[in-house]
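Encoded as structure tokens, the structure appears first; notes follow it.
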Amino acid sequence: KAGVTQTPRYLIKTRGQQVTLSCSPISGHRSVSWYQQTPGQGLQFLFEYFSETQRNKGNFPGRFSGRQFSNSRSEMNVSTLELGDSALYLCASSYWTAGDGYTFGSGTRLTVV
Amino acid sequence: QQQVKQSPQSLIVQKGGISIINCAYENTAFDYFPWYQQFPGKGPALLIAIRPDVSEKKEGRFTISFNKSAKQFSLHIMDSQPGDSATYFCAGISSGSARQLTFGSGTQLTVLP
């Protein structure tokens with residue numbers, strides 16, 4: 001059974017640019033959540049999508065956005081990148097919501113220079 | 001506001017010893033408390049989880065002890081092995097349909113051979 005796949009694994013962007021990250025959930029999983037992991041702030045919830053609708057959102061600025069497609073694949077977009085956006089971005093999927101069966105991908109390491 | 005406080009930040013244990021990581025939570029709406037293990041370059045992986053109506057749960061060498069009145073829970077790793085060296089995160093998930101993980105700050109465990 002394939003796990004959660006995140007692409008790309010590594011990304012280097014320049015301040016002011018925008019970036020799109022992709023997440024393919026485990027087959028059959030309909031909920032996809034995104035988390036940001038930094039040494040200073042730890043793991044923080046960004047947002048959750050379920051059946052193409054944003055169901056929950058964390059405390060991040062509007063520069064962070066996402067969407068989910070009909071096949072449950074999700075993308076996360078960050079516009080006007082700042083140095084502080086450098087982080088490991090993790091995607092997690094589950095059939096219904098966070099809890100049992102919640103599985104994380106290996107993440108996308110974003111570096112903003 | 002940090003809703004899950006985790007300690008210690010780092011822990012060094014000899015092979016065969018017991019590793020103990022503690023967490024305290026503030027949000028009484030949490031109804032699910034998972035522990036995650038993260039290796040470098042990987043996403044967090046669910047290790048063991050407990051619900052607040054249970055005081056202890058054991059899976060192999062890993063045990064969660066839960067004290068609902070004190071709003072504290074802990075992870076015990078018995079017979080610690082060098083392969084257990086990783087970062088461990090406790091978390092809480094609040095009840096309701098829109099659920100998200102609120103993570104502790106993490107504990108870097110090193111098991112010496």
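Following the order of the structure tokens, chains are lettered A, B, ..., residues in each are numbered from 1, and ligands are numbered from 1.
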Proximity of chain A to chain B: per-residue shortest pair, 12 Å limit, only C-alpha atoms, as CSV:
residue,atom,partner,partner_atom,distance
A:Gly3,CA,B:Gly43,CA,11.2
A:Val4,CA,B:Gly43,CA,9.8
A:Thr5,CA,B:Gly43,CA,10.8
A:Gln6,CA,B:Gly43,CA,10.4
A:Arg9,CA,B:Gly41,CA,9.6
A:Tyr10,CA,B:Gly41,CA,10.8
A:Ser31,CA,B:Ala98,CA,10.3
A:Val32,CA,B:Gln100,CA,10.8
A:Ser33,CA,B:Gln100,CA,8.2
A:Trp34,CA,B:Gln100,CA,9.8
A:Tyr35,CA,B:Leu101,CA,9.2
A:Gln36,CA,B:Gly43,CA,11.2
A:Gln37,CA,B:Gly43,CA,9.9
A:Thr38,CA,B:Ser105,CA,10.3
A:Pro39,CA,B:Ser105,CA,9.1
A:Gly40,CA,B:Ser105,CA,9.1
A:Gln41,CA,B:Ser105,CA,7.9
A:Gly42,CA,B:Ser105,CA,5.7
A:Leu43,CA,B:Phe103,CA,6.2
A:Gln44,CA,B:Thr102,CA,7.2
A:Phe45,CA,B:Gln100,CA,7.0
A:Leu46,CA,B:Gln100,CA,9.4
A:Phe47,CA,B:Gln100,CA,8.5
A:Glu48,CA,B:Gln100,CA,8.0
A:Tyr49,CA,B:Ala98,CA,9.8
A:Phe50,CA,B:Ala98,CA,9.7
A:Thr53,CA,B:Ala98,CA,11.7
A:Gln54,CA,B:Ala98,CA,9.9
A:Arg55,CA,B:Ala98,CA,6.2
A:Asn56,CA,B:Ala98,CA,5.8
A:Lys57,CA,B:Gln100,CA,9.1
A:Gly58,CA,B:Gln100,CA,8.9
A:Asn59,CA,B:Gln1,CA,11.4
A:Leu88,CA,B:Gly43,CA,9.2
A:Tyr89,CA,B:Gly43,CA,9.4
A:Leu90,CA,B:Gly43,CA,6.8
A:Cys91,CA,B:Gly43,CA,8.6
A:Ala92,CA,B:Gly43,CA,9.0
A:Ser93,CA,B:Gln100,CA,11.5
A:Ser94,CA,B:Arg99,CA,11.3
A:Trp96,CA,B:Ser97,CA,9.0
A:Thr97,CA,B:Arg99,CA,6.3
A:Ala98,CA,B:Arg99,CA,5.5
A:Gly99,CA,B:Tyr32,CA,7.2
A:Asp100,CA,B:Ala49,CA,8.4
A:Gly101,CA,B:Leu46,CA,8.4
A:Tyr102,CA,B:Leu46,CA,7.7
A:Thr103,CA,B:Ala45,CA,6.9
A:Phe104,CA,B:Gly43,CA,5.6
A:Gly105,CA,B:Gly43,CA,5.5
A:Ser106,CA,B:Gly43,CA,4.3
A:Gly107,CA,B:Gly43,CA,6.2
A:Thr108,CA,B:Gly41,CA,9.6
A:Arg109,CA,B:Gly41,CA,9.1
Excluding stretch 11-23 of chain A and its own-chain neighbours fewer than 4 positions away, which residues fall within 7 Å of it when counting only C-alpha atoms? Please give them as a PyMOL selection string. chain A and resi 5-7+73-83+91+109-113
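The neighbours of B:Gln3 here are the residues that come within 7 Å of it, using only C-alpha atoms and leaving out any residue fewer than 6 positions away in the same chain; they are Tyr25, Glu26 and Asn27 of chain B.
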For the residues in the current selection, export N, CA and C atoms as a PDB file, in the first residue's frame.
ATOM      1  N   TYR B  25      -1.263  19.088  29.085  1.00  0.00           N
ATOM      2  CA  TYR B  25      -2.118  19.799  28.141  1.00  0.00           C
ATOM      3  C   TYR B  25      -3.053  20.741  28.884  1.00  0.00           C
ATOM      4  N   GLU B  26      -3.560  21.709  28.134  1.00  0.00           N
ATOM      5  CA  GLU B  26      -4.449  22.712  28.715  1.00  0.00           C
ATOM      6  C   GLU B  26      -5.885  22.578  28.193  1.00  0.00           C
ATOM      7  N   ASN B  27      -5.998  22.133  26.952  1.00  0.00           N
ATOM      8  CA  ASN B  27      -7.300  22.098  26.306  1.00  0.00           C
ATOM      9  C   ASN B  27      -8.097  20.870  26.749  1.00  0.00           C
TER      10      ASN B  27
END
Just asking: which residues within stretch 8-50 of chain A are strand (DSSP E) according to DSSP, as a PDB file with N, CA, C and O atoms, in the first residue's frame?
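Dumped everything to states04.pdb:
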ATOM      1  N   TYR A  10      12.679  18.623  -2.082  1.00  0.00           N
ATOM      2  CA  TYR A  10      13.460  19.806  -1.725  1.00  0.00           C
ATOM      3  C   TYR A  10      13.176  20.916  -2.725  1.00  0.00           C
ATOM      4  O   TYR A  10      12.944  20.660  -3.906  1.00  0.00           O
ATOM      5  N   LEU A  11      13.216  22.134  -2.210  1.00  0.00           N
ATOM      6  CA  LEU A  11      12.903  23.289  -3.042  1.00  0.00           C
ATOM      7  C   LEU A  11      13.652  24.498  -2.506  1.00  0.00           C
ATOM      8  O   LEU A  11      13.670  24.734  -1.294  1.00  0.00           O
ATOM      9  N   ILE A  12      14.261  25.243  -3.409  1.00  0.00           N
ATOM     10  CA  ILE A  12      14.908  26.500  -3.021  1.00  0.00           C
ATOM     11  C   ILE A  12      14.261  27.608  -3.822  1.00  0.00           C
ATOM     12  O   ILE A  12      14.195  27.527  -5.055  1.00  0.00           O
ATOM     13  N   LYS A  13      13.757  28.616  -3.113  1.00  0.00           N
ATOM     14  CA  LYS A  13      13.091  29.738  -3.763  1.00  0.00           C
ATOM     15  C   LYS A  13      13.677  31.049  -3.243  1.00  0.00           C
ATOM     16  O   LYS A  13      14.290  31.104  -2.163  1.00  0.00           O
ATOM     17  N   VAL A  19       5.341  29.566  -4.382  1.00  0.00           N
ATOM     18  CA  VAL A  19       5.689  28.161  -4.511  1.00  0.00           C
ATOM     19  C   VAL A  19       4.430  27.315  -4.353  1.00  0.00           C
ATOM     20  O   VAL A  19       3.502  27.685  -3.630  1.00  0.00           O
ATOM     21  N   THR A  20       4.422  26.193  -5.050  1.00  0.00           N
ATOM     22  CA  THR A  20       3.324  25.232  -4.933  1.00  0.00           C
ATOM     23  C   THR A  20       3.880  23.870  -4.571  1.00  0.00           C
ATOM     24  O   THR A  20       4.803  23.378  -5.224  1.00  0.00           O
ATOM     25  N   LEU A  21       3.327  23.284  -3.527  1.00  0.00           N
ATOM     26  CA  LEU A  21       3.732  21.963  -3.067  1.00  0.00           C
ATOM     27  C   LEU A  21       2.579  20.992  -3.299  1.00  0.00           C
ATOM     28  O   LEU A  21       1.412  21.374  -3.203  1.00  0.00           O
ATOM     29  N   SER A  22       2.923  19.730  -3.563  1.00  0.00           N
ATOM     30  CA  SER A  22       1.905  18.754  -3.891  1.00  0.00           C
ATOM     31  C   SER A  22       1.895  17.595  -2.915  1.00  0.00           C
ATOM     32  O   SER A  22       2.938  17.203  -2.381  1.00  0.00           O
ATOM     33  N   CYS A  23       0.707  17.057  -2.693  1.00  0.00           N
ATOM     34  CA  CYS A  23       0.541  15.925  -1.786  1.00  0.00           C
ATOM     35  C   CYS A  23      -0.455  14.938  -2.386  1.00  0.00           C
ATOM     36  O   CYS A  23      -1.591  15.307  -2.704  1.00  0.00           O
ATOM     37  N   SER A  24      -0.034  13.684  -2.517  1.00  0.00           N
ATOM     38  CA  SER A  24      -0.936  12.618  -2.953  1.00  0.00           C
ATOM     39  C   SER A  24      -1.222  11.725  -1.761  1.00  0.00           C
ATOM     40  O   SER A  24      -0.298  11.096  -1.222  1.00  0.00           O
ATOM     41  N   SER A  31      -9.339  12.966   3.570  1.00  0.00           N
ATOM     42  CA  SER A  31      -8.911  14.142   4.321  1.00  0.00           C
ATOM     43  C   SER A  31      -7.413  14.351   4.130  1.00  0.00           C
ATOM     44  O   SER A  31      -6.619  13.410   4.256  1.00  0.00           O
ATOM     45  N   VAL A  32      -7.036  15.568   3.802  1.00  0.00           N
ATOM     46  CA  VAL A  32      -5.624  15.920   3.665  1.00  0.00           C
ATOM     47  C   VAL A  32      -5.365  17.169   4.506  1.00  0.00           C
ATOM     48  O   VAL A  32      -6.074  18.168   4.376  1.00  0.00           O
ATOM     49  N   SER A  33      -4.366  17.076   5.369  1.00  0.00           N
ATOM     50  CA  SER A  33      -3.991  18.212   6.207  1.00  0.00           C
ATOM     51  C   SER A  33      -2.550  18.596   5.935  1.00  0.00           C
ATOM     52  O   SER A  33      -1.740  17.755   5.557  1.00  0.00           O
ATOM     53  N   TRP A  34      -2.252  19.855   6.169  1.00  0.00           N
ATOM     54  CA  TRP A  34      -0.899  20.369   5.987  1.00  0.00           C
ATOM     55  C   TRP A  34      -0.373  20.936   7.296  1.00  0.00           C
ATOM     56  O   TRP A  34      -1.121  21.601   8.042  1.00  0.00           O
ATOM     57  N   TYR A  35       0.901  20.679   7.564  1.00  0.00           N
ATOM     58  CA  TYR A  35       1.576  21.178   8.753  1.00  0.00           C
ATOM     59  C   TYR A  35       2.912  21.793   8.355  1.00  0.00           C
ATOM     60  O   TYR A  35       3.552  21.346   7.420  1.00  0.00           O
ATOM     61  N   GLN A  36       3.308  22.805   9.103  1.00  0.00           N
ATOM     62  CA  GLN A  36       4.613  23.415   8.925  1.00  0.00           C
ATOM     63  C   GLN A  36       5.492  23.030  10.114  1.00  0.00           C
ATOM     64  O   GLN A  36       5.053  23.110  11.261  1.00  0.00           O
ATOM     65  N   GLN A  37       6.711  22.604   9.833  1.00  0.00           N
ATOM     66  CA  GLN A  37       7.628  22.239  10.910  1.00  0.00           C
ATOM     67  C   GLN A  37       8.884  23.089  10.832  1.00  0.00           C
ATOM     68  O   GLN A  37       9.600  23.069   9.814  1.00  0.00           O
ATOM     69  N   THR A  38       9.163  23.847  11.881  1.00  0.00           N
ATOM     70  CA  THR A  38      10.374  24.657  11.977  1.00  0.00           C
ATOM     71  C   THR A  38      11.032  24.404  13.326  1.00  0.00           C
ATOM     72  O   THR A  38      10.351  24.015  14.287  1.00  0.00           O
ATOM     73  N   GLY A  42       8.157  24.570  15.937  1.00  0.00           N
ATOM     74  CA  GLY A  42       7.724  23.181  15.997  1.00  0.00           C
ATOM     75  C   GLY A  42       6.759  22.853  14.877  1.00  0.00           C
ATOM     76  O   GLY A  42       6.825  23.415  13.788  1.00  0.00           O
ATOM     77  N   LEU A  43       5.847  21.952  15.169  1.00  0.00           N
ATOM     78  CA  LEU A  43       4.854  21.514  14.192  1.00  0.00           C
ATOM     79  C   LEU A  43       3.567  22.303  14.384  1.00  0.00           C
ATOM     80  O   LEU A  43       2.954  22.256  15.436  1.00  0.00           O
ATOM     81  N   GLN A  44       3.158  23.000  13.322  1.00  0.00           N
ATOM     82  CA  GLN A  44       1.958  23.816  13.405  1.00  0.00           C
ATOM     83  C   GLN A  44       1.003  23.478  12.275  1.00  0.00           C
ATOM     84  O   GLN A  44       1.410  23.325  11.122  1.00  0.00           O
ATOM     85  N   PHE A  45      -0.273  23.418  12.615  1.00  0.00           N
ATOM     86  CA  PHE A  45      -1.329  23.088  11.668  1.00  0.00           C
ATOM     87  C   PHE A  45      -1.594  24.258  10.729  1.00  0.00           C
ATOM     88  O   PHE A  45      -1.773  25.397  11.177  1.00  0.00           O
ATOM     89  N   LEU A  46      -1.646  23.950   9.438  1.00  0.00           N
ATOM     90  CA  LEU A  46      -1.944  24.976   8.434  1.00  0.00           C
ATOM     91  C   LEU A  46      -3.419  24.935   8.057  1.00  0.00           C
ATOM     92  O   LEU A  46      -4.144  25.904   8.222  1.00  0.00           O
ATOM     93  N   PHE A  47      -3.848  23.833   7.469  1.00  0.00           N
ATOM     94  CA  PHE A  47      -5.256  23.665   7.090  1.00  0.00           C
ATOM     95  C   PHE A  47      -5.547  22.221   6.731  1.00  0.00           C
ATOM     96  O   PHE A  47      -4.645  21.419   6.548  1.00  0.00           O
ATOM     97  N   GLU A  48      -6.855  21.933   6.665  1.00  0.00           N
ATOM     98  CA  GLU A  48      -7.327  20.603   6.304  1.00  0.00           C
ATOM     99  C   GLU A  48      -8.353  20.713   5.189  1.00  0.00           C
ATOM    100  O   GLU A  48      -9.200  21.610   5.194  1.00  0.00           O
ATOM    101  N   TYR A  49      -8.256  19.804   4.233  1.00  0.00           N
ATOM    102  CA  TYR A  49      -9.233  19.721   3.163  1.00  0.00           C
ATOM    103  C   TYR A  49      -9.913  18.362   3.208  1.00  0.00           C
ATOM    104  O   TYR A  49      -9.283  17.336   3.504  1.00  0.00           O
ATOM    105  N   PHE A  50     -11.198  18.389   2.925  1.00  0.00           N
ATOM    106  CA  PHE A  50     -11.985  17.160   2.877  1.00  0.00           C
ATOM    107  C   PHE A  50     -12.989  17.314   1.744  1.00  0.00           C
ATOM    108  O   PHE A  50     -13.749  18.283   1.715  1.00  0.00           O
TER     109      PHE A  50
END
Take atom CA of B:Thr87 and atom CA of B:Phe62 and report the distance between them in Å, one decimal. 14.7 Å
Contacts of B:Leu47 at 8 Å or less, counting only C-alpha atoms, minus same-chain residues fewer than 6 places along, as a ChimeraX atom specification? /B:34-37
Saved selection, atoms kept: N, CA, C and O atoms, as a PDB file, in the first residue's frame:
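In the end it all went to out.pdb:
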ATOM      1  N   PRO B  34      -2.114  11.142  20.790  1.00  0.00           N
ATOM      2  CA  PRO B  34      -1.143  10.270  20.120  1.00  0.00           C
ATOM      3  C   PRO B  34       0.295  10.677  20.416  1.00  0.00           C
ATOM      4  O   PRO B  34       0.578  11.833  20.776  1.00  0.00           O
ATOM      5  N   TRP B  35       1.176   9.740  20.274  1.00  0.00           N
ATOM      6  CA  TRP B  35       2.609   9.997  20.297  1.00  0.00           C
ATOM      7  C   TRP B  35       3.161   9.655  18.915  1.00  0.00           C
ATOM      8  O   TRP B  35       2.817   8.624  18.345  1.00  0.00           O
ATOM      9  N   TYR B  36       4.035  10.551  18.434  1.00  0.00           N
ATOM     10  CA  TYR B  36       4.646  10.339  17.139  1.00  0.00           C
ATOM     11  C   TYR B  36       6.163  10.221  17.287  1.00  0.00           C
ATOM     12  O   TYR B  36       6.771  10.857  18.154  1.00  0.00           O
ATOM     13  N   GLN B  37       6.736   9.436  16.398  1.00  0.00           N
ATOM     14  CA  GLN B  37       8.190   9.244  16.338  1.00  0.00           C
ATOM     15  C   GLN B  37       8.651   9.765  14.986  1.00  0.00           C
ATOM     16  O   GLN B  37       8.063   9.431  13.946  1.00  0.00           O
TER      17      GLN B  37
END
Please provide the set of residues having any atom within 6 Å of B:Leu75, restricted to only C-alpha atoms, with same-chain residues fewer than 3 positions apart removed, written as a list in words.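 That gives Ile20, Ile21, Thr63 and Ile64 of chain B.
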Calculate how many Å separate atom CA of B:Val13 from atom CA of B:Asp84, rounding to one decimal. 10.3 Å
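For the pair atom CA of B:Asp79 and atom CA of B:Arg61, the interatomic distance is 6.9 Å.
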